[in-house]
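**Student:** Can you keep this structure in mind? I'll have questions shortly.
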Amino acid sequence: MAYLKLLRPKDWAKNLFLFIPLFFAREFQDQAKLVHLAFGFAAFSFIASSIYIINDYRDREDDRKHPTKCKRPLASGAVSPMAAVLIGALLIIGGFSIAWFTRPEFAAVLLAYFLLNLAYCFGLKNIAILDIFILAAGFVLRIKSGSVISDVPLSEWIIIMVLLLAIFMAIGKRRDDVLLKLSSGTDMRKSIKGYNLELLNVLLAVVSSIIVVAYLMYTMSPEVKQRMGTYRLYYTGVFVLAGLMRYLQLIYVSEDSGSPTRILYKDRFIQVTLFLWIISFVAILYSEDVPFFEILRKLF
């Protein structure tokens, strides 16, 4: 169990972003592309896990001071450093091998992700503001990978939305680190010296506002309406707004702004909101293929 925990399989949910370009291109029925994306998902998960291992290996002493990170396999001593290094090396070899056979161009994007996160682990994470943008860039590279694998052009709107959402979640995580610093008196990471609650509260308000405006502009863009063949995409904005409001509620009221994937797994409101957003998008984009959705489209 400790070795599985070392890989952080729960965080593999982030790699589902690879499927976003195919979904918005209305080609989700293409089984061949879905199979290729499944291999891409596996490759990305292997490389992401190798990065987690490298990060945990370097931070194992600092993690022992953290109230939750102290339970990580390397910090707790459940996995030896030598075993972690070996597993990490196997994951890197396996991940890039799968990526190369899936599509060489995908392997190049994955290499960019690996090198960027390697630089993050070895020092860039200690630079305030830059650390947030590097985390966000990882999500952009995920959708870029999905675009390359499925041979689907990537809309600038999708890039903007994913970047903004990733920045928003990264700010929430940094706010959680600041709260831990205030309660324990210990810096959980060096970049925290460049943040305080006032700054992060302002950043959350600014970025969340930009996300809502950008999303509505995306749904009402003439280019998107023409490409999607519908003007109804703005209906889905209510779920985006509800999801953001719930996340802000968790941050400001419950003071629970930790890992976004952990929140996704445990918060029922966020889960339902995400599910309804997906269903509404499917109903709008794929209504011609599902009779029930076609009836709803005629009604609204």
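Chain identifiers are assigned as A, B, and so on, following the order in which chains appear in the structure tokens; residues are numbered from 1 within each chain, and ligands are numbered from 1 in order of appearance.
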Considering only C-alpha atoms, tabulate each residue of stretch 140-256 of chain A that lies at most 8 Å from stretch 269-272 of chain A along with its nearest interatomic pair and the corresponding distance in Å to one decimal; arrange the rows by chain and ascending residue number and present them as JSON lines.
**Tutor:**
{"residue": "A:Gly243", "atom": "CA", "partner": "A:Ile270", "partner_atom": "CA", "distance": 5.9}
{"residue": "A:Arg246", "atom": "CA", "partner": "A:Ile270", "partner_atom": "CA", "distance": 7.0}
{"residue": "A:Tyr247", "atom": "CA", "partner": "A:Ile270", "partner_atom": "CA", "distance": 7.8}
**Student:** List the neighbours of A:Leu233 out to 9 Å using only C-alpha atoms; skip same-chain residues closer than 3 positions along the sequence, and give me the result as a list of chain:residue names.
**Tutor:**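 The filter keeps A:Leu216, A:Tyr218, A:Thr219, A:Met220, A:Lys225, A:Met228, A:Thr230, A:Thr236, A:Gly237, A:Ser280, A:Phe281, A:Ile284, A:Leu285.
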**Student:** Against stretch 28-42 of chain A, which residues of stretch 129-157 of chain A fall within 9 Å? For each one I want the closest pair of atoms and the distance in Å (one decimal), counting only C-alpha atoms, rows by chain and increasing residue number, as a tab-separated table.
**Tutor:**
residue	atom	partner	partner_atom	distance
A:Ser145	CA	A:Gly40	CA	7.8
A:Gly146	CA	A:Leu37	CA	6.7
A:Ile149	CA	A:Leu37	CA	6.4
A:Ser150	CA	A:Lys33	CA	5.4
A:Asp151	CA	A:Lys33	CA	8.6
**Student:** Pick out the residues sitting within 10 Å of A:Val240, and hand them over as a list in words; count only C-alpha atoms, and ignore anything fewer than 2 positions along from it in its own chain.
**Tutor:**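 Result of the neighbour search: Ile211, Val212, Tyr215, Leu216, Tyr235, Thr236, Gly237, Val238, Ala242, Gly243, Leu244, Met245, Arg246, Thr273, Leu274, Leu276 and Trp277 of chain A.
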**Student:** Suppose we keep all heavy atoms; can you now write the selection as a tab-separated table (two decimals), in the first residue's frame?
**Tutor:**
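See part-v2.tsv below for the written result:
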chain	number	residue	atom	x	y	z
A	211	ILE	N	-12.35	34.24	-14.62
A	211	ILE	CA	-12.79	32.93	-15.10
A	211	ILE	C	-14.24	32.99	-15.58
A	211	ILE	O	-14.58	32.50	-16.66
A	211	ILE	CB	-12.64	31.85	-14.01
A	211	ILE	CG1	-11.17	31.53	-13.79
A	211	ILE	CG2	-13.39	30.58	-14.39
A	211	ILE	CD1	-10.91	30.58	-12.63
A	212	VAL	N	-15.10	33.59	-14.76
A	212	VAL	CA	-16.53	33.67	-15.11
A	212	VAL	C	-16.72	34.47	-16.39
A	212	VAL	O	-17.44	34.06	-17.30
A	212	VAL	CB	-17.34	34.29	-13.95
A	212	VAL	CG1	-18.78	34.51	-14.39
A	212	VAL	CG2	-17.29	33.39	-12.73
A	215	TYR	N	-15.28	32.58	-19.42
A	215	TYR	CA	-16.10	31.44	-19.81
A	215	TYR	C	-17.35	31.89	-20.57
A	215	TYR	O	-17.72	31.30	-21.60
A	215	TYR	CB	-16.51	30.62	-18.58
A	215	TYR	CG	-17.23	29.34	-18.95
A	215	TYR	CD1	-16.52	28.21	-19.32
A	215	TYR	CD2	-18.62	29.27	-18.95
A	215	TYR	CE1	-17.16	27.03	-19.68
A	215	TYR	CE2	-19.27	28.10	-19.30
A	215	TYR	CZ	-18.54	26.98	-19.67
A	215	TYR	OH	-19.19	25.83	-20.04
A	216	LEU	N	-17.99	32.93	-20.09
A	216	LEU	CA	-19.19	33.44	-20.77
A	216	LEU	C	-18.83	34.01	-22.14
A	216	LEU	O	-19.58	33.84	-23.11
A	216	LEU	CB	-19.88	34.49	-19.91
A	216	LEU	CG	-20.53	33.97	-18.62
A	216	LEU	CD1	-21.12	35.12	-17.81
A	216	LEU	CD2	-21.61	32.94	-18.94
A	235	TYR	N	-25.71	28.27	-21.36
A	235	TYR	CA	-26.49	27.62	-20.31
A	235	TYR	C	-25.57	26.97	-19.27
A	235	TYR	O	-25.89	26.92	-18.09
A	235	TYR	CB	-27.40	26.53	-20.89
A	235	TYR	CG	-28.52	27.01	-21.78
A	235	TYR	CD1	-29.21	26.11	-22.59
A	235	TYR	CD2	-28.91	28.34	-21.82
A	235	TYR	CE1	-30.25	26.52	-23.42
A	235	TYR	CE2	-29.95	28.77	-22.64
A	235	TYR	CZ	-30.62	27.85	-23.44
A	235	TYR	OH	-31.65	28.26	-24.26
A	236	THR	N	-24.44	26.42	-19.75
A	236	THR	CA	-23.55	25.69	-18.85
A	236	THR	C	-22.81	26.61	-17.89
A	236	THR	O	-22.18	26.14	-16.94
A	236	THR	CB	-22.51	24.90	-19.67
A	236	THR	OG1	-21.69	25.81	-20.42
A	236	THR	CG2	-23.20	23.95	-20.65
A	237	GLY	N	-22.87	27.91	-18.11
A	237	GLY	CA	-22.19	28.87	-17.25
A	237	GLY	C	-22.66	28.82	-15.81
A	237	GLY	O	-21.90	29.12	-14.89
A	238	VAL	N	-23.92	28.42	-15.60
A	238	VAL	CA	-24.46	28.37	-14.24
A	238	VAL	C	-23.70	27.34	-13.40
A	238	VAL	O	-23.47	27.55	-12.20
A	238	VAL	CB	-25.98	28.04	-14.26
A	238	VAL	CG1	-26.24	26.65	-14.82
A	238	VAL	CG2	-26.58	28.17	-12.87
A	242	ALA	N	-21.49	28.06	-10.09
A	242	ALA	CA	-21.80	27.33	-8.86
A	242	ALA	C	-20.56	26.61	-8.32
A	242	ALA	O	-20.31	26.60	-7.11
A	242	ALA	CB	-22.92	26.31	-9.12
A	243	GLY	N	-19.78	26.01	-9.21
A	243	GLY	CA	-18.57	25.32	-8.79
A	243	GLY	C	-17.55	26.26	-8.17
A	243	GLY	O	-16.94	25.95	-7.14
A	244	LEU	N	-17.37	27.44	-8.79
A	244	LEU	CA	-16.44	28.43	-8.25
A	244	LEU	C	-16.91	28.94	-6.89
A	244	LEU	O	-16.11	29.10	-5.96
A	244	LEU	CB	-16.29	29.60	-9.22
A	244	LEU	CG	-15.44	29.36	-10.47
A	244	LEU	CD1	-15.54	30.55	-11.41
A	244	LEU	CD2	-13.98	29.11	-10.08
A	245	MET	N	-18.21	29.19	-6.78
A	245	MET	CA	-18.75	29.69	-5.52
A	245	MET	C	-18.57	28.66	-4.41
A	245	MET	O	-18.24	29.01	-3.26
A	245	MET	CB	-20.22	30.06	-5.69
A	245	MET	CG	-20.45	31.29	-6.55
A	245	MET	SD	-22.20	31.62	-6.89
A	245	MET	CE	-22.77	32.08	-5.26
A	246	ARG	N	-18.77	27.39	-4.75
A	246	ARG	CA	-18.58	26.34	-3.74
A	246	ARG	C	-17.12	26.25	-3.32
A	246	ARG	O	-16.83	26.11	-2.12
A	246	ARG	CB	-19.05	24.99	-4.32
A	246	ARG	CG	-18.75	23.78	-3.43
A	246	ARG	CD	-19.38	23.91	-2.05
A	246	ARG	NE	-19.16	22.73	-1.24
A	246	ARG	CZ	-19.46	22.65	0.06
A	246	ARG	NH1	-19.99	23.70	0.68
A	246	ARG	NH2	-19.23	21.53	0.73
A	273	THR	N	-21.97	19.25	-9.29
A	273	THR	CA	-21.84	20.39	-10.21
A	273	THR	C	-21.04	20.00	-11.45
A	273	THR	O	-21.44	20.33	-12.58
A	273	THR	CB	-21.14	21.57	-9.50
A	273	THR	OG1	-21.90	21.95	-8.35
A	273	THR	CG2	-21.05	22.76	-10.45
A	274	LEU	N	-19.93	19.30	-11.26
A	274	LEU	CA	-19.12	18.85	-12.39
A	274	LEU	C	-19.90	17.88	-13.27
A	274	LEU	O	-19.85	17.97	-14.50
A	274	LEU	CB	-17.83	18.19	-11.88
A	274	LEU	CG	-16.88	17.64	-12.95
A	274	LEU	CD1	-16.40	18.76	-13.87
A	274	LEU	CD2	-15.69	16.95	-12.30
A	276	LEU	N	-23.17	17.69	-13.63
A	276	LEU	CA	-24.22	18.41	-14.36
A	276	LEU	C	-23.63	19.25	-15.49
A	276	LEU	O	-24.24	19.39	-16.55
A	276	LEU	CB	-25.01	19.30	-13.39
A	276	LEU	CG	-25.89	18.55	-12.38
A	276	LEU	CD1	-26.53	19.53	-11.41
A	276	LEU	CD2	-26.96	17.73	-13.10
A	277	TRP	N	-22.43	19.81	-15.26
A	277	TRP	CA	-21.77	20.57	-16.33
A	277	TRP	C	-21.46	19.66	-17.51
A	277	TRP	O	-21.71	20.02	-18.66
A	277	TRP	CB	-20.48	21.20	-15.80
A	277	TRP	CG	-19.72	21.96	-16.84
A	277	TRP	CD1	-19.95	23.23	-17.28
A	277	TRP	CD2	-18.61	21.48	-17.62
A	277	TRP	NE1	-19.06	23.58	-18.26
A	277	TRP	CE2	-18.23	22.53	-18.50
A	277	TRP	CE3	-17.91	20.28	-17.65
A	277	TRP	CZ2	-17.17	22.39	-19.40
A	277	TRP	CZ3	-16.86	20.14	-18.55
A	277	TRP	CH2	-16.50	21.18	-19.41
**Student:** Using only C-alpha atoms, which residues sit within 9 Å of A:Ile129 once same-chain residues fewer than 4 positions away are excluded, as a ChimeraX atom specification?
**Tutor:** /A:133-134,191,194-195
**Student:** Near A:Lys125, counting only C-alpha atoms, which residues have an atom at most 9 Å away, once you skip same-chain residues fewer than 6 positions from it, shown as an mmCIF file with N, CA, C and O atoms, in the first residue's frame?
**Tutor:**
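Wrote it out as around.cif, contents follow:
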data_model
loop_
_atom_site.group_PDB
_atom_site.id
_atom_site.type_symbol
_atom_site.label_atom_id
_atom_site.label_comp_id
_atom_site.auth_asym_id
_atom_site.auth_seq_id
_atom_site.Cartn_x
_atom_site.Cartn_y
_atom_site.Cartn_z
ATOM 1 N N ALA A 119 12.573 21.241 -13.070
ATOM 2 C CA ALA A 119 13.087 22.554 -12.663
ATOM 3 C C ALA A 119 12.302 23.083 -11.464
ATOM 4 O O ALA A 119 12.866 23.725 -10.563
ATOM 5 N N ASP A 131 5.853 29.940 -9.025
ATOM 6 C CA ASP A 131 5.452 28.574 -8.693
ATOM 7 C C ASP A 131 4.008 28.300 -9.112
ATOM 8 O O ASP A 131 3.678 27.212 -9.593
ATOM 9 N N ILE A 132 3.150 29.302 -8.978
ATOM 10 C CA ILE A 132 1.742 29.152 -9.367
ATOM 11 C C ILE A 132 1.619 28.970 -10.878
ATOM 12 O O ILE A 132 0.873 28.106 -11.360
ATOM 13 N N ILE A 134 3.865 27.828 -12.946
ATOM 14 C CA ILE A 134 4.418 26.549 -13.382
ATOM 15 C C ILE A 134 3.402 25.434 -13.168
ATOM 16 O O ILE A 134 3.217 24.562 -14.032
ATOM 17 N N ARG A 189 6.821 25.740 2.883
ATOM 18 C CA ARG A 189 7.600 25.821 1.646
ATOM 19 C C ARG A 189 8.216 27.218 1.585
ATOM 20 O O ARG A 189 7.653 28.178 2.108
ATOM 21 N N LYS A 190 9.371 27.344 0.926
ATOM 22 C CA LYS A 190 10.106 28.605 0.917
ATOM 23 C C LYS A 190 9.346 29.725 0.218
ATOM 24 O O LYS A 190 9.480 30.899 0.579
ATOM 25 N N SER A 191 8.540 29.398 -0.790
ATOM 26 C CA SER A 191 7.829 30.433 -1.546
ATOM 27 C C SER A 191 6.768 31.133 -0.707
ATOM 28 O O SER A 191 6.301 32.220 -1.069
#
**Student:** From the list A:Asp267, A:Phe122, A:Phe17, A:Leu86, which residue is nearest A:Gln249 when using only C-alpha atoms?
**Tutor:** A:Asp267
**Student:** Quick check for you: according to DSSP on this backbone, which residues of stretch 181-282 of chain A are classed as alpha helix (DSSP H)? Reply as a PyMOL selection string.
**Tutor:** chain A and resi 181-184+197-220+222-228+237-252+260-266+268-282
**Student:** So which residues touch A:Leu179 within 8 Å, counting only C-alpha atoms, skipping near sequence neighbours fewer than 4 positions away, as a PyMOL selection string?
**Tutor:** chain A and resi 175+183+197
**Student:** Mind giving me the straight-line distance from atom CA of A:Val152 to atom CA of A:Ala25 in Å, one decimal?
**Tutor:**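 Atom CA of A:Val152 sits 7.0 Å away from atom CA of A:Ala25.
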**Student:** Name the residues in contact with A:Ala136 at a cut-off of 7 Å, using only C-alpha atoms, excluding same-chain residues fewer than 5 positions from it; report them as a list in words.
**Tutor:**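 Listing them by chain and then by number gives Leu163, Ala166 and Ile167 of chain A.
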**Student:** For the atom pair atom CA of A:Tyr265 and atom CA of A:Asp62, what is the interatomic distance in Å to one decimal place?
**Tutor:**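 Answer for the atom CA of A:Tyr265 to atom CA of A:Asp62 separation: 26.1 Å.
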**Student:** Work out how far apart atom CA of A:Glu105 and atom CA of A:Leu154 are and give it in Å to one decimal.
**Tutor:**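 Answer for the atom CA of A:Glu105 to atom CA of A:Leu154 separation: 14.7 Å.
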**Student:** Out of A:Ala2, A:Ile279, A:Leu180, A:Leu203, which residue has the shortest atom-to-atom distance to A:Ser76 when counting only C-alpha atoms?
**Tutor:**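 For A:Ser76, the nearest of the given residues is A:Ala2.
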**Student:** Just checking: using only C-alpha atoms, which residue out of A:Phe44, A:Trp100, A:Trp12, A:Tyr57 ends up closest to A:Gly77?
**Tutor:**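 Looking only at the distances to A:Gly77, the closest residue turns out to be A:Tyr57.
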